[in-house]
Amino acid sequence: MTGLAVGGMIEVDGVTYVVLPGPPSELKPMVNKSLLPLLSTGQGRLYSRVLRFFGIGESQLVTLLADVIAQQTDPTLAPYAKVGEVSLRLSTKATDQAQADKRLDEMEDRILSKSNLKQLMYGYGDDNSLAQEVVSALKVAEKTISAAESLTAGLFQSTLTDFSGASKIFEGGFVTYSLEEKAKRLKIPKEQLEHHGMISSFTARKMAEQVRELTDSDFALGLTGVAGPEELENQPAGTVFIGLANRKEAKAYQINIKGRSRSDIRTVTVLHAFNLVRLALLNDGNLI
């Protein structure tokens with residue numbers, strides 16, 4: 001027994017309904033030990049595939065796929081949302097992996113034909129993440145990365161080191177929260193920071209440029225913004241600027257993350273940073 005949550009299964013008019021607990025620590029054992037054996041008692045077994053998306057909300061994704069969801073029989077699809085991203089689980093009952101792959105491939109192709117979903121999908125699997133995909137891509141490309149962080153206070157760099165072998169791609173970086181530390185550690189003229197403000201595209205771009213030069217990395221990020229809840233430099237909470245630099249150029253991107261907690265703003269900012277690197281790697285290392 002794992003936890004106190006209960007699950008249930010009932011059949012009504014030939015349709016079987018299953019109710020499962022939400023917490024993964026209770027959900028997974030119940031699915032693996034109780035539900036899957038029941039589903040496998042007939043001919044064939046259940047196969048699943050998880051598609052992961054960044055840059056679209058759950059409600060928008062469901063709206064785009066309204067016709068697919070309304071017409072689903074086998075395979076079925078179910079959306080799942082977490083902070084900053086969405087996944088789709090495709091499931092089919094088949095006699096073997098080859099049959100399942102054919103059905104799941106057809107459903108996946110239909111999903112990715114909608115709008116720009118192909119560009120927003122970054123990977124597969126339950127045990128995956130945008131950060132993991134980027135770290136793997138940097139390793140394959142044999143490129144290194146560094147970062148200078150303000151509002152995220154080291155969260156981007158900490159996330160990089162969650163994965164084995166991060167030392168092959170991570171050159172190190174800085175956490176420069178104050179204007180004085182940005183000037184001192186990153187060697188950005190203080191008068192320029194005072195003129196443009198810490199919450200600006202200029203500062204994000206210069207942070208990326210300077211940390212890349214100081215660490216001699218292939219890519220570098222500069223993260224600055226307002227985590228909230230109060231305004232800063234007359235900018236509302238959720239105003240974020242991300243600088244990205246390679247060995248040829250540097251750009252700044254403004255992102256507005258509204259209606260989120262301080263923690264979520266930081267988390268979503270880091271996801272956007274990883275996604276910008278992902279897109280650059282897909283573009284032969286050129287900034288988008």
# chains A, B, ... in the order shown; residues from 1 in each chain; ligands from 1
$ residues_around --residues "Leu65 in chain A" --least-positions-apart "3" --cutoff "8 Å" --atoms "only C-alpha atoms" --output "PyMOL selection string"
chain A and resi 61-62+68-69+111+114
$ atom_distance --atom1 "CA of Leu88 in chain A" --atom2 "CA of Val50 in chain A"
5.5 Å
$ residues_around --residues "range 272-274 of chain A" --least-positions-apart "6" --cutoff "7 Å" --atoms "only C-alpha atoms" --output "PyMOL selection string"
chain A and resi 130-131+134+242
$ write_last_selection --atoms "C-alpha atoms" --output "compact mmCIF listing (two decimals), in the first residue's frame"
# COMPACT_ATOMS: atom_id res chain seq x y z
CA LEU A 130 13.32 20.77 -21.54
CA ALA A 131 16.55 21.19 -19.57
CA VAL A 134 19.10 21.00 -24.07
CA ILE A 242 16.68 37.19 -21.41
$ select_by_dssp --residues "range 51-275 of chain A" --states "strand (DSSP E)" --output "PyMOL selection string"
chain A and resi 51-54+76-82+85-94+121-124+145-149+170-175+219-225+239-245+250-256
$ residues_around --residues "range 201-210 of chain A" --least-positions-apart "4" --cutoff "8 Å" --atoms "only C-alpha atoms" --output "number ranges by chain"
A: 147-148, 182, 186-188, 193, 196-197, 214, 220-224, 241-245, 250-254
$ closest_residue --among "A:Glu171, A:Asp127, A:Glu194, A:Glu230" --to "Glu213 in chain A" --atoms "only C-alpha atoms"
A:Glu171
$ closest_atom_pairs --of "range 60-176 of chain A" --to "range 6-27 of chain A" --cutoff "12 Å" --atoms "only C-alpha atoms" --output "Markdown table"
| residue | atom | partner | partner_atom | distance |
| --- | --- | --- | --- | --- |
| A:Thr73 | CA | A:Val15 | CA | 11.5 |
| A:Tyr80 | CA | A:Gly22 | CA | 11.2 |
| A:Asp126 | CA | A:Pro24 | CA | 11.3 |
$ write_last_selection --atoms "all heavy atoms" --output "compact mmCIF listing (two decimals), in the first residue's frame"
# COMPACT_ATOMS: atom_id res chain seq x y z
N THR A 73 -10.94 7.49 -30.44
CA THR A 73 -11.42 6.16 -30.04
C THR A 73 -10.21 5.35 -29.57
O THR A 73 -10.00 5.13 -28.41
CB THR A 73 -12.15 5.45 -31.20
OG1 THR A 73 -11.30 5.46 -32.37
CG2 THR A 73 -13.46 6.15 -31.53
N TYR A 80 -1.82 16.91 -20.04
CA TYR A 80 -1.40 17.11 -18.65
C TYR A 80 -0.59 18.40 -18.59
O TYR A 80 0.31 18.61 -19.40
CB TYR A 80 -0.53 15.95 -18.16
CG TYR A 80 -1.25 14.62 -18.14
CD1 TYR A 80 -1.24 13.79 -19.26
CD2 TYR A 80 -1.95 14.19 -17.02
CE1 TYR A 80 -1.89 12.57 -19.26
CE2 TYR A 80 -2.61 12.98 -17.01
CZ TYR A 80 -2.58 12.17 -18.13
OH TYR A 80 -3.23 10.97 -18.13
N ASP A 126 7.83 10.51 -20.09
CA ASP A 126 7.49 11.01 -18.75
C ASP A 126 8.73 11.54 -18.04
O ASP A 126 8.70 12.60 -17.43
CB ASP A 126 6.88 9.88 -17.91
CG ASP A 126 5.40 9.66 -18.22
OD1 ASP A 126 4.68 10.66 -18.37
OD2 ASP A 126 4.98 8.50 -18.31
$ residues_around --residues "range 279-282 of chain A" --least-positions-apart "6" --cutoff "9 Å" --atoms "only C-alpha atoms" --output "list in words"
Val134, Ala137, Leu138, Ala141 and Ile288 of chain A
$ select_by_dssp --residues "range 125-193 of chain A" --states "helix (DSSP H, G or I)" --output "MDAnalysis selection string"
chainID A and resid 130:141 155:160 166:168 179:186 190:193
$ write_last_selection --atoms "N, CA, C and O atoms" --output "CSV table (one decimal), in the first residue's frame"
chain,number,residue,atom,x,y,z
A,130,LEU,N,12.7,19.9,-20.6
A,130,LEU,CA,13.3,20.8,-21.5
A,130,LEU,C,14.8,20.9,-21.2
A,130,LEU,O,15.7,20.9,-22.1
A,131,ALA,N,15.1,21.1,-20.0
A,131,ALA,CA,16.6,21.2,-19.6
A,131,ALA,C,17.4,20.0,-20.0
A,131,ALA,O,18.5,20.1,-20.5
A,132,GLN,N,16.8,18.8,-19.8
A,132,GLN,CA,17.5,17.6,-20.1
A,132,GLN,C,17.8,17.5,-21.6
A,132,GLN,O,18.8,17.1,-22.1
A,133,GLU,N,16.8,17.9,-22.4
A,133,GLU,CA,16.9,17.9,-23.9
A,133,GLU,C,18.0,18.8,-24.3
A,133,GLU,O,18.8,18.5,-25.2
A,134,VAL,N,18.1,20.0,-23.7
A,134,VAL,CA,19.1,21.0,-24.1
A,134,VAL,C,20.5,20.5,-23.7
A,134,VAL,O,21.5,20.7,-24.4
A,135,VAL,N,20.6,20.0,-22.5
A,135,VAL,CA,21.9,19.5,-22.0
A,135,VAL,C,22.4,18.4,-23.0
A,135,VAL,O,23.6,18.4,-23.4
A,136,SER,N,21.5,17.5,-23.4
A,136,SER,CA,21.9,16.4,-24.3
A,136,SER,C,22.3,17.0,-25.7
A,136,SER,O,23.3,16.6,-26.3
A,137,ALA,N,21.5,18.0,-26.1
A,137,ALA,CA,21.9,18.6,-27.4
A,137,ALA,C,23.2,19.3,-27.4
A,137,ALA,O,23.9,19.3,-28.4
A,138,LEU,N,23.5,20.0,-26.3
A,138,LEU,CA,24.8,20.7,-26.2
A,138,LEU,C,25.9,19.7,-26.2
A,138,LEU,O,27.0,19.9,-26.8
A,139,LYS,N,25.7,18.5,-25.5
A,139,LYS,CA,26.8,17.5,-25.6
A,139,LYS,C,27.0,17.0,-27.0
A,139,LYS,O,28.1,16.8,-27.4
A,140,VAL,N,25.9,16.7,-27.7
A,140,VAL,CA,26.0,16.2,-29.1
A,140,VAL,C,26.7,17.2,-29.9
A,140,VAL,O,27.6,16.8,-30.8
A,141,ALA,N,26.4,18.5,-29.8
A,141,ALA,CA,27.0,19.5,-30.6
A,141,ALA,C,28.4,19.9,-30.1
A,141,ALA,O,29.1,20.7,-30.8
A,155,LEU,N,19.2,29.6,-10.5
A,155,LEU,CA,18.3,28.5,-10.8
A,155,LEU,C,18.6,27.8,-12.2
A,155,LEU,O,18.6,26.6,-12.3
A,156,PHE,N,19.0,28.7,-13.2
A,156,PHE,CA,19.3,28.1,-14.5
A,156,PHE,C,20.6,27.2,-14.3
A,156,PHE,O,20.6,26.1,-14.8
A,157,GLN,N,21.6,27.8,-13.7
A,157,GLN,CA,22.9,27.0,-13.5
A,157,GLN,C,22.7,25.8,-12.7
A,157,GLN,O,23.3,24.7,-12.9
A,158,SER,N,21.9,25.9,-11.6
A,158,SER,CA,21.6,24.7,-10.8
A,158,SER,C,20.9,23.6,-11.6
A,158,SER,O,21.2,22.5,-11.4
A,159,THR,N,19.9,24.0,-12.4
A,159,THR,CA,19.2,23.1,-13.2
A,159,THR,C,20.1,22.3,-14.2
A,159,THR,O,20.0,21.1,-14.4
A,160,LEU,N,21.1,23.1,-14.8
A,160,LEU,CA,22.1,22.5,-15.7
A,160,LEU,C,22.8,21.3,-15.0
A,160,LEU,O,23.0,20.2,-15.6
A,166,ALA,N,27.3,17.2,-16.8
A,166,ALA,CA,27.1,18.6,-17.0
A,166,ALA,C,28.4,19.3,-17.1
A,166,ALA,O,28.5,20.4,-17.8
A,167,SER,N,29.5,18.8,-16.5
A,167,SER,CA,30.8,19.5,-16.6
A,167,SER,C,31.3,19.6,-18.0
A,167,SER,O,32.2,20.4,-18.3
A,168,LYS,N,30.8,18.7,-18.9
A,168,LYS,CA,31.3,18.8,-20.3
A,168,LYS,C,30.8,20.0,-21.0
A,168,LYS,O,31.4,20.4,-22.0
A,179,LEU,N,23.0,46.0,-8.9
A,179,LEU,CA,23.7,46.7,-9.9
A,179,LEU,C,25.2,46.8,-9.7
A,179,LEU,O,26.0,46.6,-10.7
A,180,GLU,N,25.6,46.9,-8.5
A,180,GLU,CA,27.0,47.0,-8.2
A,180,GLU,C,27.7,45.7,-8.6
A,180,GLU,O,28.8,45.7,-9.1
A,181,GLU,N,27.1,44.5,-8.3
A,181,GLU,CA,27.7,43.2,-8.6
A,181,GLU,C,27.7,43.0,-10.1
A,181,GLU,O,28.7,42.4,-10.7
A,182,LYS,N,26.7,43.5,-10.8
A,182,LYS,CA,26.7,43.4,-12.3
A,182,LYS,C,27.9,44.2,-12.9
A,182,LYS,O,28.6,43.7,-13.8
A,183,ALA,N,28.1,45.3,-12.3
A,183,ALA,CA,29.2,46.2,-12.8
A,183,ALA,C,30.6,45.5,-12.4
A,183,ALA,O,31.5,45.5,-13.3
A,184,LYS,N,30.7,45.1,-11.2
A,184,LYS,CA,32.0,44.5,-10.7
A,184,LYS,C,32.3,43.2,-11.3
A,184,LYS,O,33.4,43.0,-11.9
A,185,ARG,N,31.4,42.2,-11.3
A,185,ARG,CA,31.7,40.9,-11.7
A,185,ARG,C,31.7,40.7,-13.2
A,185,ARG,O,32.5,40.0,-13.8
A,186,LEU,N,30.7,41.4,-13.9
A,186,LEU,CA,30.6,41.2,-15.3
A,186,LEU,C,31.3,42.3,-16.1
A,186,LEU,O,31.3,42.3,-17.3
A,190,LYS,N,29.1,50.9,-14.9
A,190,LYS,CA,28.1,51.2,-13.9
A,190,LYS,C,27.1,52.3,-14.5
A,190,LYS,O,25.9,52.2,-14.3
A,191,GLU,N,27.7,53.3,-15.2
A,191,GLU,CA,26.9,54.4,-15.7
A,191,GLU,C,25.9,53.9,-16.8
A,191,GLU,O,24.8,54.4,-17.0
A,192,GLN,N,26.3,52.8,-17.5
A,192,GLN,CA,25.5,52.3,-18.5
A,192,GLN,C,24.3,51.5,-17.9
A,192,GLN,O,23.1,51.6,-18.3
A,193,LEU,N,24.6,50.8,-16.8
A,193,LEU,CA,23.5,50.1,-16.1
A,193,LEU,C,22.5,51.1,-15.5
A,193,LEU,O,21.3,50.9,-15.5
